[in-house]
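Raw contents of structure.cif, mmCIF, C-alpha atoms and all ligand atoms:
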data_work
#
loop_
_atom_site.label_atom_id
_atom_site.label_comp_id
_atom_site.auth_asym_id
_atom_site.auth_seq_id
_atom_site.Cartn_x
_atom_site.Cartn_y
_atom_site.Cartn_z
CA MET A 179 92.26 105.50 76.60
CA LYS A 180 91.93 109.25 76.21
CA ILE A 181 91.87 111.08 79.53
CA CYS A 182 90.92 114.74 79.87
CA VAL A 183 92.58 116.32 82.92
CA THR A 184 91.03 119.69 83.68
CA GLY A 185 93.09 122.09 85.81
CA GLY A 186 96.24 120.17 84.86
CA ALA A 187 98.42 123.30 84.86
CA GLY A 188 97.79 123.66 88.60
CA PHE A 189 99.43 121.89 91.53
CA ILE A 190 97.69 118.51 91.90
CA GLY A 191 96.52 118.22 88.28
CA ALA A 192 100.10 118.60 86.99
CA ASN A 193 101.42 116.03 89.46
CA PHE A 194 98.62 113.71 88.30
CA ILE A 195 99.57 114.21 84.64
CA TYR A 196 103.20 113.24 85.37
CA TYR A 197 102.00 110.25 87.39
CA GLU A 198 99.74 109.01 84.58
CA LEU A 199 102.30 109.58 81.79
CA GLU A 200 104.77 107.45 83.71
CA LYS A 201 102.42 104.74 84.99
CA HIS A 202 100.16 104.33 81.94
CA CYS A 203 102.29 105.19 78.91
CA GLU A 204 99.59 103.69 76.66
CA ASP A 205 97.05 106.38 77.61
CA GLU A 206 96.61 109.76 75.97
CA ILE A 207 96.39 112.77 78.28
CA VAL A 208 94.72 116.02 77.24
CA CYS A 209 95.16 118.85 79.73
CA LEU A 210 92.38 121.44 79.65
CA ASP A 211 93.20 124.56 81.64
CA ASN A 212 92.26 128.22 81.52
CA LEU A 213 95.64 129.33 82.94
CA THR A 214 94.34 131.52 85.74
CA TYR A 215 96.85 132.98 88.22
CA ALA A 216 97.24 129.40 89.56
CA GLY A 217 97.86 127.74 86.18
CA ASN A 218 101.46 127.61 84.96
CA LEU A 219 102.70 126.13 81.70
CA GLU A 220 106.25 126.01 83.09
CA THR A 221 105.00 123.31 85.43
CA LEU A 222 104.13 121.16 82.40
CA SER A 223 107.34 121.79 80.45
CA GLU A 224 108.52 118.15 80.80
CA ALA A 225 105.10 116.80 79.76
CA PHE A 226 105.28 118.70 76.47
CA ASN A 227 108.17 116.39 75.49
CA ASN A 228 105.81 113.39 75.64
CA GLU A 229 103.87 112.66 72.44
CA LYS A 230 100.96 111.23 74.46
CA PHE A 231 100.40 114.66 76.04
CA SER A 232 98.59 117.68 74.65
CA PHE A 233 97.37 120.97 76.09
CA ILE A 234 94.21 122.96 75.36
CA LYS A 235 93.58 126.39 76.86
CA GLY A 236 89.94 126.93 77.78
CA ASP A 237 87.38 127.68 80.46
CA ILE A 238 85.35 124.78 81.88
CA ALA A 239 82.41 127.17 82.39
CA ASP A 240 82.32 128.21 78.70
CA ARG A 241 79.48 125.97 77.46
CA THR A 242 79.91 126.47 73.72
CA PHE A 243 83.64 125.88 73.89
CA ILE A 244 83.29 122.79 76.11
CA PHE A 245 80.58 121.20 73.98
CA ASP A 246 82.60 121.73 70.78
CA LEU A 247 85.69 120.27 72.45
CA PHE A 248 83.91 117.19 73.81
CA GLU A 249 82.24 116.50 70.46
CA LYS A 250 85.62 116.65 68.73
CA GLU A 251 87.78 114.81 71.29
CA GLN A 252 85.44 112.00 72.47
CA PHE A 253 87.18 111.54 75.85
CA ASP A 254 86.93 108.20 77.68
CA ILE A 255 87.57 109.68 81.12
CA VAL A 256 87.36 113.19 82.54
CA VAL A 257 89.18 114.00 85.79
CA ASN A 258 88.06 117.40 87.01
CA PHE A 259 90.75 119.19 89.02
CA ALA A 260 89.91 122.65 87.64
CA ALA A 261 88.78 124.92 90.44
CA GLU A 262 89.41 128.06 92.36
CA SER A 263 91.16 126.43 95.28
CA HIS A 264 92.22 128.97 97.90
CA VAL A 265 89.98 129.56 100.94
CA ASP A 266 91.36 133.07 101.63
CA ARG A 267 90.58 134.21 98.07
CA SER A 268 87.06 132.77 98.40
CA ILE A 269 86.50 134.95 101.45
CA THR A 270 87.42 138.16 99.58
CA ASP A 271 85.90 137.22 96.18
CA PRO A 272 83.38 134.36 96.27
CA GLU A 273 81.79 134.94 92.83
CA VAL A 274 84.44 133.28 90.68
CA PHE A 275 84.27 130.23 92.99
CA VAL A 276 80.61 129.77 92.05
CA ARG A 277 81.36 130.21 88.36
CA THR A 278 84.31 127.83 88.11
CA ASN A 279 83.60 125.28 90.82
CA VAL A 280 79.82 124.97 90.36
CA VAL A 281 78.92 126.21 86.85
CA GLY A 282 82.17 124.80 85.42
CA THR A 283 81.51 121.37 86.91
CA THR A 284 77.90 121.22 85.70
CA THR A 285 78.99 122.33 82.22
CA LEU A 286 81.44 119.42 82.09
CA LEU A 287 78.74 117.04 83.34
CA ASP A 288 76.35 118.22 80.61
CA ALA A 289 79.03 117.71 77.95
CA CYS A 290 79.65 114.19 79.30
CA ARG A 291 75.94 113.45 79.06
CA ALA A 292 75.76 114.81 75.53
CA TYR A 293 78.80 113.02 74.07
CA GLY A 294 79.19 109.98 76.35
CA ILE A 295 81.86 109.07 78.86
CA ASN A 296 83.13 105.96 80.67
CA ARG A 297 83.85 107.88 83.84
CA PHE A 298 83.61 111.45 85.16
CA HIS A 299 85.78 111.84 88.26
CA GLN A 300 85.32 114.87 90.50
CA VAL A 301 88.34 115.86 92.61
CA SER A 302 86.75 117.16 95.78
CA THR A 303 87.99 117.98 99.25
CA ASP A 304 87.53 116.98 102.88
CA GLU A 305 86.53 120.61 103.50
CA VAL A 306 82.99 119.76 102.32
CA TYR A 307 82.48 118.04 105.70
CA GLY A 308 83.16 121.26 107.65
CA ASP A 309 85.38 120.89 110.69
CA LEU A 310 85.87 118.70 113.76
CA PRO A 311 86.47 119.92 117.33
CA LEU A 312 90.10 120.13 118.50
CA ASP A 313 89.39 118.15 121.70
CA ARG A 314 87.83 115.05 120.02
CA LYS A 315 90.79 113.19 118.51
CA ASP A 316 88.53 110.12 118.16
CA LEU A 317 86.38 111.78 115.45
CA PHE A 318 87.16 111.46 111.71
CA PHE A 319 85.36 112.33 108.46
CA THR A 320 83.84 109.25 106.81
CA GLU A 321 81.98 109.18 103.49
CA GLN A 322 78.75 109.25 105.54
CA THR A 323 79.63 112.46 107.42
CA PRO A 324 77.03 115.09 106.43
CA LEU A 325 78.15 117.99 104.23
CA HIS A 326 78.43 121.03 106.49
CA THR A 327 80.57 123.69 104.87
CA SER A 328 82.19 126.80 106.33
CA SER A 329 83.84 128.87 103.58
CA PRO A 330 82.64 130.02 100.14
CA TYR A 331 85.32 127.67 98.71
CA SER A 332 84.05 124.57 100.50
CA SER A 333 80.43 125.54 99.82
CA ALA A 334 81.12 125.74 96.09
CA LYS A 335 82.96 122.39 96.17
CA ALA A 336 80.09 120.76 98.09
CA SER A 337 77.55 122.15 95.59
CA ALA A 338 79.56 120.63 92.76
CA ASP A 339 79.64 117.26 94.58
CA LEU A 340 75.85 117.32 94.90
CA PHE A 341 75.45 117.98 91.16
CA VAL A 342 77.86 115.14 90.35
CA LEU A 343 75.83 112.72 92.48
CA ALA A 344 72.54 114.06 91.06
CA TYR A 345 73.75 113.39 87.50
CA HIS A 346 74.48 109.81 88.51
CA ARG A 347 71.10 109.23 90.15
CA THR A 348 69.02 111.14 87.60
CA TYR A 349 70.77 110.41 84.31
CA GLY A 350 72.87 107.35 85.20
CA LEU A 351 76.13 109.21 84.41
CA PRO A 352 79.11 107.07 85.52
CA VAL A 353 80.71 109.29 88.15
CA THR A 354 83.05 109.00 91.14
CA ILE A 355 84.12 111.58 93.72
CA SER A 356 87.25 111.70 95.86
CA ARG A 357 87.53 113.88 98.97
CA CYS A 358 91.14 114.34 99.95
CA SER A 359 92.83 116.06 102.86
CA ASN A 360 95.38 118.90 102.48
CA ASN A 361 98.10 118.17 99.90
CA TYR A 362 101.72 119.30 99.79
CA GLY A 363 104.59 118.66 97.39
CA PRO A 364 106.20 120.03 94.20
CA TYR A 365 104.52 122.82 92.17
CA GLN A 366 102.12 124.08 94.87
CA PHE A 367 101.32 127.77 94.42
CA PRO A 368 102.93 129.80 97.25
CA GLU A 369 99.63 131.19 98.56
CA LYS A 370 99.11 127.86 100.42
CA LEU A 371 100.68 127.34 103.84
CA ILE A 372 103.61 125.00 103.12
CA PRO A 373 105.16 126.65 100.02
CA LEU A 374 104.50 130.02 101.65
CA ILE A 375 106.52 129.01 104.72
CA ILE A 376 109.32 127.61 102.54
CA TYR A 377 109.82 130.66 100.32
CA ARG A 378 109.48 133.13 103.20
CA ALA A 379 111.82 131.26 105.53
CA THR A 380 114.33 130.80 102.72
CA ASN A 381 114.35 134.60 102.34
CA ASP A 382 114.41 135.21 106.14
CA LEU A 383 110.94 136.79 105.98
CA SER A 384 108.27 136.57 108.71
CA ILE A 385 105.92 133.55 108.64
CA PRO A 386 102.29 134.65 109.16
CA VAL A 387 100.44 132.18 111.40
CA TYR A 388 96.67 132.73 111.64
CA GLY A 389 95.20 132.98 115.15
CA THR A 390 96.94 130.73 117.66
CA GLY A 391 98.35 128.24 115.13
CA GLU A 392 96.48 125.40 116.86
CA ASN A 393 94.21 124.54 113.91
CA VAL A 394 94.82 121.02 112.64
CA ARG A 395 95.14 119.82 109.04
CA ASP A 396 95.65 116.24 107.80
CA TRP A 397 98.58 116.43 105.33
CA LEU A 398 99.08 114.10 102.35
CA TYR A 399 102.04 114.08 99.95
CA VAL A 400 100.61 114.88 96.50
CA GLU A 401 101.87 111.69 94.82
CA ASP A 402 99.75 109.63 97.23
CA HIS A 403 96.69 111.64 96.18
CA CYS A 404 97.55 110.93 92.52
CA SER A 405 97.87 107.17 93.12
CA ALA A 406 94.49 107.16 94.85
CA ILE A 407 92.75 108.96 91.97
CA ASP A 408 94.44 106.62 89.49
CA LEU A 409 92.95 103.64 91.33
CA ILE A 410 89.49 105.21 91.56
CA ILE A 411 89.20 106.08 87.87
CA ARG A 412 90.23 102.55 86.88
CA ASN A 413 88.73 100.36 89.64
CA GLY A 414 86.27 102.58 91.56
CA LYS A 415 82.53 101.93 91.52
CA ASP A 416 80.14 104.28 89.70
CA GLY A 417 78.28 106.64 92.01
CA GLU A 418 80.72 106.18 94.92
CA VAL A 419 82.56 108.69 97.08
CA TYR A 420 86.07 107.86 98.38
CA ASN A 421 87.84 109.72 101.18
CA ILE A 422 91.64 110.02 100.82
CA GLY A 423 94.01 110.71 103.69
CA GLY A 424 97.03 109.22 105.44
CA HIS A 425 96.49 110.06 109.14
CA ASN A 426 99.08 112.83 109.23
CA GLU A 427 97.35 115.34 111.47
CA LYS A 428 99.48 118.31 112.50
CA THR A 429 98.75 121.69 114.04
CA ASN A 430 99.78 124.61 111.85
CA LEU A 431 102.47 125.49 114.37
CA GLU A 432 103.90 121.96 114.14
CA VAL A 433 104.04 122.33 110.35
CA VAL A 434 105.78 125.72 110.53
CA LYS A 435 108.31 124.50 113.10
CA THR A 436 109.07 121.35 111.06
CA VAL A 437 109.84 123.38 107.94
CA LEU A 438 111.92 125.92 109.88
CA SER A 439 113.94 123.12 111.40
CA ILE A 440 114.57 121.42 108.03
CA LEU A 441 115.74 124.78 106.67
CA ASP A 442 117.71 125.53 109.84
CA LYS A 443 115.89 128.84 110.30
CA PRO A 444 114.92 130.39 113.69
CA GLU A 445 111.41 130.12 115.17
CA SER A 446 111.59 133.88 115.78
CA LEU A 447 110.38 134.24 112.15
CA ILE A 448 106.90 133.12 113.33
CA THR A 449 104.48 136.06 113.46
CA TYR A 450 100.93 135.64 114.71
CA VAL A 451 98.39 137.51 112.58
CA THR A 452 94.62 138.07 112.69
CA ASP A 453 92.75 134.81 112.26
CA ARG A 454 91.00 133.77 109.03
CA LYS A 455 87.24 134.46 109.13
CA GLY A 456 85.28 131.25 109.88
CA HIS A 457 88.57 129.33 110.23
CA ASP A 458 87.93 125.55 110.32
CA LEU A 459 89.43 124.00 113.45
CA ARG A 460 90.37 120.47 112.47
CA TYR A 461 90.22 118.19 109.44
CA ALA A 462 90.86 114.45 109.79
CA ILE A 463 90.08 111.75 107.23
CA ASP A 464 89.10 108.13 107.79
CA PRO A 465 90.47 106.44 104.62
CA VAL A 466 89.34 102.89 105.47
CA LYS A 467 86.96 102.60 102.48
CA ILE A 468 89.57 103.26 99.77
CA GLU A 469 92.10 101.11 101.66
CA THR A 470 89.82 98.08 101.95
CA GLU A 471 87.85 98.36 98.68
CA LEU A 472 90.62 99.49 96.33
CA GLY A 473 93.76 98.46 98.21
CA TRP A 474 95.17 102.02 98.31
CA LYS A 475 97.95 102.83 100.75
CA PRO A 476 99.99 106.03 101.01
CA GLU A 477 103.73 105.67 100.41
CA TYR A 478 104.80 108.80 102.26
CA SER A 479 104.35 110.04 105.82
CA PHE A 480 104.65 113.68 106.84
CA GLU A 481 108.13 112.85 108.10
CA THR A 482 109.28 111.51 104.70
CA GLY A 483 107.27 113.79 102.38
CA MET A 484 108.18 117.09 104.00
CA PRO A 485 111.99 116.93 103.53
CA LEU A 486 111.41 115.90 99.89
CA THR A 487 109.13 118.90 99.41
CA VAL A 488 111.57 121.38 100.96
CA LYS A 489 114.35 119.91 98.80
CA TRP A 490 112.24 120.37 95.67
CA TYR A 491 111.61 124.05 96.43
CA LEU A 492 115.29 124.65 97.13
CA GLU A 493 116.26 122.99 93.84
CA ASN A 494 113.56 124.80 91.85
CA ARG A 495 113.90 128.38 93.08
CA CYS A 496 113.33 129.74 89.60
CA TRP A 497 109.85 128.21 89.46
CA TRP A 498 108.61 130.03 92.56
CA GLU A 499 110.70 133.18 92.20
CA ASN A 500 108.97 133.85 88.87
CA ILE A 501 105.66 133.69 90.75
CA ILE A 502 106.47 135.74 93.84
CA ASN A 503 108.15 138.48 91.82
CA GLY A 504 105.04 139.07 89.69
CA GLU A 505 101.39 139.90 90.45
CA TYR A 506 101.77 137.84 93.63
CA LYS A 507 103.33 140.89 95.36
CA ASN A 508 99.94 142.68 95.16
CA TYR A 509 98.19 139.55 96.41
CA TYR A 510 100.46 139.34 99.45
CA GLU A 511 100.01 143.02 100.28
CA LYS A 512 96.21 142.74 99.92
CA MET A 513 95.94 139.61 102.10
CA TYR A 514 98.60 140.28 104.73
CA GLY A 515 99.27 144.04 104.71
CA GLY A 516 98.36 145.47 108.14
CA ARG A 517 96.95 142.13 109.29
P1 LIG B 601 95.35 124.97 91.89
O1 LIG B 601 94.70 126.24 92.28
O2 LIG B 601 96.82 124.80 92.06
O3 LIG B 601 95.03 124.67 90.34
C1 LIG B 601 93.79 124.89 89.77
C2 LIG B 601 93.95 124.85 88.25
O4 LIG B 601 92.64 125.02 87.67
C3 LIG B 601 94.83 125.94 87.69
O5 LIG B 601 95.74 125.41 86.74
C4 LIG B 601 93.85 126.89 87.01
O6 LIG B 601 94.40 127.58 85.90
C5 LIG B 601 92.75 125.93 86.60
N1 LIG B 601 91.44 126.61 86.43
C6 LIG B 601 90.86 127.47 87.30
N2 LIG B 601 89.69 127.91 86.79
C7 LIG B 601 89.53 127.29 85.60
C8 LIG B 601 88.51 127.32 84.62
N3 LIG B 601 87.42 128.09 84.76
N4 LIG B 601 88.65 126.56 83.51
C9 LIG B 601 89.76 125.77 83.34
N5 LIG B 601 90.75 125.73 84.24
C10 LIG B 601 90.64 126.47 85.35
O7 LIG B 601 94.54 123.85 92.68
P2 LIG B 601 95.05 122.46 93.31
O8 LIG B 601 95.55 122.72 94.67
O9 LIG B 601 95.88 121.76 92.32
O10 LIG B 601 93.66 121.70 93.46
C11 LIG B 601 93.13 120.93 92.41
C12 LIG B 601 91.80 120.34 92.83
O11 LIG B 601 91.98 119.54 94.00
C13 LIG B 601 90.75 121.40 93.19
O12 LIG B 601 89.52 120.97 92.67
C14 LIG B 601 90.72 121.40 94.70
O13 LIG B 601 89.45 121.73 95.18
C15 LIG B 601 91.07 119.95 95.01
N6 LIG B 601 91.76 119.70 96.29
C16 LIG B 601 92.88 120.42 96.62
C17 LIG B 601 93.55 120.13 97.81
C18 LIG B 601 94.82 120.86 98.17
O14 LIG B 601 95.34 120.66 99.28
N7 LIG B 601 95.38 121.69 97.32
C19 LIG B 601 93.06 119.13 98.66
C20 LIG B 601 91.91 118.41 98.29
C21 LIG B 601 91.27 118.72 97.10
P1 LIG B 602 95.89 126.57 103.42
O1 LIG B 602 97.20 126.08 102.91
O2 LIG B 602 95.34 127.84 102.88
O3 LIG B 602 94.85 125.34 103.24
P2 LIG B 602 93.33 125.18 103.79
O4 LIG B 602 92.83 126.49 104.26
O5 LIG B 602 92.61 124.71 102.59
O6 LIG B 602 93.42 124.16 104.89
O7 LIG B 602 96.00 126.73 105.00
C1 LIG B 602 96.37 125.63 105.83
C2 LIG B 602 96.26 126.09 107.27
O8 LIG B 602 97.26 127.08 107.51
C3 LIG B 602 94.93 126.75 107.60
O9 LIG B 602 94.56 126.40 108.92
C4 LIG B 602 95.22 128.24 107.51
C5 LIG B 602 96.68 128.32 107.94
N1 LIG B 602 97.47 129.41 107.33
C6 LIG B 602 98.24 130.26 108.14
O10 LIG B 602 98.26 130.14 109.38
N2 LIG B 602 98.97 131.25 107.52
C7 LIG B 602 98.98 131.43 106.18
O11 LIG B 602 99.66 132.37 105.68
C8 LIG B 602 98.22 130.52 105.36
C9 LIG B 602 98.19 130.67 103.86
C10 LIG B 602 97.47 129.53 105.98
#

Translate the structure described by the file into structure tokens.
Amino acid sequence: MKICVTGGAGFIGANFIYYELEKHCEDEIVCLDNLTYAGNLETLSEAFNNEKFSFIKGDIADRTFIFDLFEKEQFDIVVNFAAESHVDRSITDPEVFVRTNVVGTTTLLDACRAYGINRFHQVSTDEVYGDLPLDRKDLFFTEQTPLHTSSPYSSAKASADLFVLAYHRTYGLPVTISRCSNNYGPYQFPEKLIPLIIYRATNDLSIPVYGTGENVRDWLYVEDHCSAIDLIIRNGKDGEVYNIGGHNEKTNLEVVKTVLSILDKPESLITYVTDRKGHDLRYAIDPVKIETELGWKPEYSFETGMPLTVKWYLENRCWWENIINGEYKNYYEKMYGGR
């Protein structure tokens, strides 16, 4: 089988490529990525040693390029990870989120219609459901929860989901969607909470916590997300949505304190800063559908995945130092300066 992985030079896409190359050595993996600030070929350096892997640089929203590529490559499966993925960036610059996440996804769908596909899988997010109140621990997102987005990021992701489902209903395109909770693990860009805490604490720098730090996220180790997508693309049912999560709800403060304690750094590094605009309160996934229908189960808990993640960042300093010493400095100043 020939699998096109879009956004494979980013965090989850790259982890998925390594997962597939190891688990299904018979399959061919083509990574399609535009190498934005979040895309990093260093992340894929090991994959380049595998003859089943190839890389193509290109923009999923470039219609002529995508149509030419799909005509030539005749993919069996497309897994669409490519996206602008950071909520804070979507608040300061929403336009590129519409272009990549919405126009890019519909361009891929059109190419799949034109040249045929066995499965188009859209990697979506639990953020399309909006948020849950902090004082209702009994409430979870199910696949039936209405879409009710908060940020430009989640709105663009929800729009893409609606197009994916429309292409199934209208044209019979074989699609699936997964909506996963927050991921953490190796190769995550240090704009996201967990790698940001790790690199800042390692360097004895302040840790910016938005608002009161009481917002809750449901954390999943990235490999568990990859195993879920692997099951869906092979055994999932056309037209279906699958939620992915492992019941690892933590407040942001709990996350920060856990990382500080693993690194043996003082809690005095915590600095409260102005809250994110429209900040979602709580995300929490009910994963019962994927567990019962596809037999998926996460292998890691927050307690086992977090030490592994910290260890990876400590052993791969070069990977993140190259990032934070570049253009990232301007990003940090723009987002956090005077906050
Ligand atoms: P990321 O930002 O680390 O990587 C995104 C990748 O997409 C980068 O390699 C980038 O170069 C590429 N890309 C961006 N625009 C492109 C374009 N126009 N054409 C081709 N490539 C382009 O993101 P991530 O955290 O790995 O997330 C991957 C997917 O998973 C996204 O769709 C995101 O919405 C979804 N998701 C992420 C999380 C999470 O916690 N990170 C949770 C649930 C779902
Ligand atoms: P983030 O990693 O950006 O993921 P998302 O917004 O998609 O959930 O943020 C996770 C949580 O951490 C979110 O509630 C915002 C908060 N946060 C901070 O408190 N400080 C930070 O510097 C960052 C990046 C996030």

Between atom C20 of ligand LIG 601 (chain B) and CA of Asn508 (chain A), what distance in Å does the model show, to one decimal? 25.8 Å

Separation of CA of Phe298 (chain A) from CA of Tyr345 (chain A) in Å: 10.3 Å

At most 6 Å is the cut-off: for each residue in region 439-474 of chain A with any atom that close to an atom of region 410-424 of chain A, write down the nearest atom pair and the distance in Å rounded to one decimal, counting only C-alpha atoms, chain first then increasing number, as CSV.
residue,atom,partner,partner_atom,distance
A:Ile463,CA,A:Gly423,CA,5.4
A:Pro465,CA,A:Ile422,CA,5.4
A:Ile468,CA,A:Tyr420,CA,5.9

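Near ligand LIG 602 (chain B), at a distance of at most 7 Å and with only C-alpha atoms and all ligand atoms counted, sit the residues His264, Val265, Asp266, Asn360, Glu369, Lys370, Leu371, Ile372, Leu374, Pro386, Val387, Tyr388, Gly391, Asn393, Val394, Arg395, Asn430, His457 and Asp458 of chain A.
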
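Atom to atom, CA of Val306 (chain A) and CA of Leu325 (chain A) stand 5.5 Å apart.
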
Counting all atoms listed in the file, select every polymer residue within 12 Å of (99.7, 124.8, 79.6) as defined in the file's coordinates, and provide the selection as number ranges by chain. A: 183-188, 191-192, 195, 208-214, 216-226, 231-236

Compute the distance from (86.7, 116.4, 100.4) to each atom, counting all atoms listed in the file, keep the residues with any atom at most 9 Å away, and return them as a PyMOL selection string; use the coordinates of the file. chain A and resi 301-307+332+335-336+355-359+420-422+463

Compile the contact shell of region 272-278 of chain A as a tab-separated table (two decimals) with C-alpha atoms, in the frame of the given file: residues with an atom at most 8 Å away, counting only C-alpha atoms, same-chain residues fewer than 3 positions apart removed.
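Output below, filename result-v5.tsv:
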chain	number	residue	atom	x	y	z
A	238	ILE	CA	85.35	124.78	81.88
A	239	ALA	CA	82.41	127.17	82.39
A	260	ALA	CA	89.91	122.65	87.64
A	261	ALA	CA	88.78	124.92	90.44
A	262	GLU	CA	89.41	128.06	92.36
A	267	ARG	CA	90.58	134.21	98.07
A	268	SER	CA	87.06	132.77	98.40
A	269	ILE	CA	86.50	134.95	101.45
A	281	VAL	CA	78.92	126.21	86.85
A	282	GLY	CA	82.17	124.80	85.42
A	283	THR	CA	81.51	121.37	86.91
A	330	PRO	CA	82.64	130.02	100.14
A	331	TYR	CA	85.32	127.67	98.71
A	334	ALA	CA	81.12	125.74	96.09

So, counting only C-alpha atoms, which residue among A:Lys467, A:Lys250, A:His326, A:Arg314 is closest to Tyr293 (chain A)? A:Lys250

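In terms of minimum interatomic distance to ligand LIG 601 (chain B), A:Arg241 ranks closest within A:Arg517, A:Arg297, A:His202, A:Arg241, counting only C-alpha atoms and all ligand atoms.
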
Of A:Ile407, A:Leu351, A:Ile207, A:Leu340, the one sitting nearest ligand LIG 601 (chain B) when using only C-alpha atoms and all ligand atoms is A:Ile407

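Closest approach to ligand LIG 601 (chain B) among A:Thr270, A:Phe319, A:Tyr399, A:Thr390: A:Tyr399, based on only C-alpha atoms and all ligand atoms.
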
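Of the listed residues A:Glu229, A:Asn258, A:Arg291, A:Asn503, the one whose atoms come nearest to Tyr349 (chain A) is A:Arg291, with distances taken using all atoms listed in the file.
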
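Among the candidate residues A:Val466, A:Val353, A:Cys404, A:Ala379, the one lying nearest to ligand LIG 601 (chain B) is A:Cys404, with distances computed using all atoms listed in the file.
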
How would region 373-385 of chain A look with N, CA, C and O atoms restored, written as a short mmCIF file (atom, residue, chain, number, x, y, z; two decimals), keeping the file's coordinate frame?
data_model
loop_
_atom_site.label_atom_id
_atom_site.label_comp_id
_atom_site.auth_asym_id
_atom_site.auth_seq_id
_atom_site.Cartn_x
_atom_site.Cartn_y
_atom_site.Cartn_z
N PRO A 373 104.20 125.91 100.87
CA PRO A 373 105.16 126.65 100.02
C PRO A 373 105.37 128.09 100.49
O PRO A 373 106.46 128.65 100.30
N LEU A 374 104.34 128.65 101.13
CA LEU A 374 104.50 130.02 101.65
C LEU A 374 105.57 130.05 102.76
O LEU A 374 106.46 130.90 102.77
N ILE A 375 105.51 129.06 103.66
CA ILE A 375 106.52 129.01 104.72
C ILE A 375 107.91 128.83 104.09
O ILE A 375 108.87 129.48 104.48
N ILE A 376 107.99 127.92 103.10
CA ILE A 376 109.32 127.61 102.54
C ILE A 376 109.95 128.84 101.88
O ILE A 376 111.09 129.19 102.16
N TYR A 377 109.16 129.54 101.04
CA TYR A 377 109.82 130.66 100.32
C TYR A 377 110.11 131.80 101.27
O TYR A 377 111.14 132.47 101.16
N ARG A 378 109.24 132.00 102.28
CA ARG A 378 109.48 133.13 103.20
C ARG A 378 110.66 132.82 104.11
O ARG A 378 111.53 133.67 104.33
N ALA A 379 110.71 131.61 104.64
CA ALA A 379 111.82 131.26 105.53
C ALA A 379 113.15 131.30 104.77
O ALA A 379 114.15 131.81 105.28
N THR A 380 113.11 130.79 103.53
CA THR A 380 114.33 130.80 102.72
C THR A 380 114.88 132.23 102.57
O THR A 380 116.08 132.45 102.52
N ASN A 381 113.95 133.20 102.50
CA ASN A 381 114.35 134.60 102.34
C ASN A 381 114.40 135.36 103.67
O ASN A 381 114.40 136.59 103.68
N ASP A 382 114.38 134.61 104.80
CA ASP A 382 114.41 135.21 106.14
C ASP A 382 113.28 136.22 106.36
O ASP A 382 113.47 137.25 107.04
N LEU A 383 112.11 135.92 105.80
CA LEU A 383 110.94 136.79 105.98
C LEU A 383 110.03 136.19 107.04
O LEU A 383 110.04 134.98 107.27
N SER A 384 109.18 137.05 107.65
CA SER A 384 108.27 136.57 108.71
C SER A 384 107.29 135.53 108.16
O SER A 384 106.91 135.56 106.99
N ILE A 385 106.88 134.59 109.03
CA ILE A 385 105.92 133.55 108.64
C ILE A 385 104.58 133.88 109.32
O ILE A 385 104.48 133.78 110.54
#
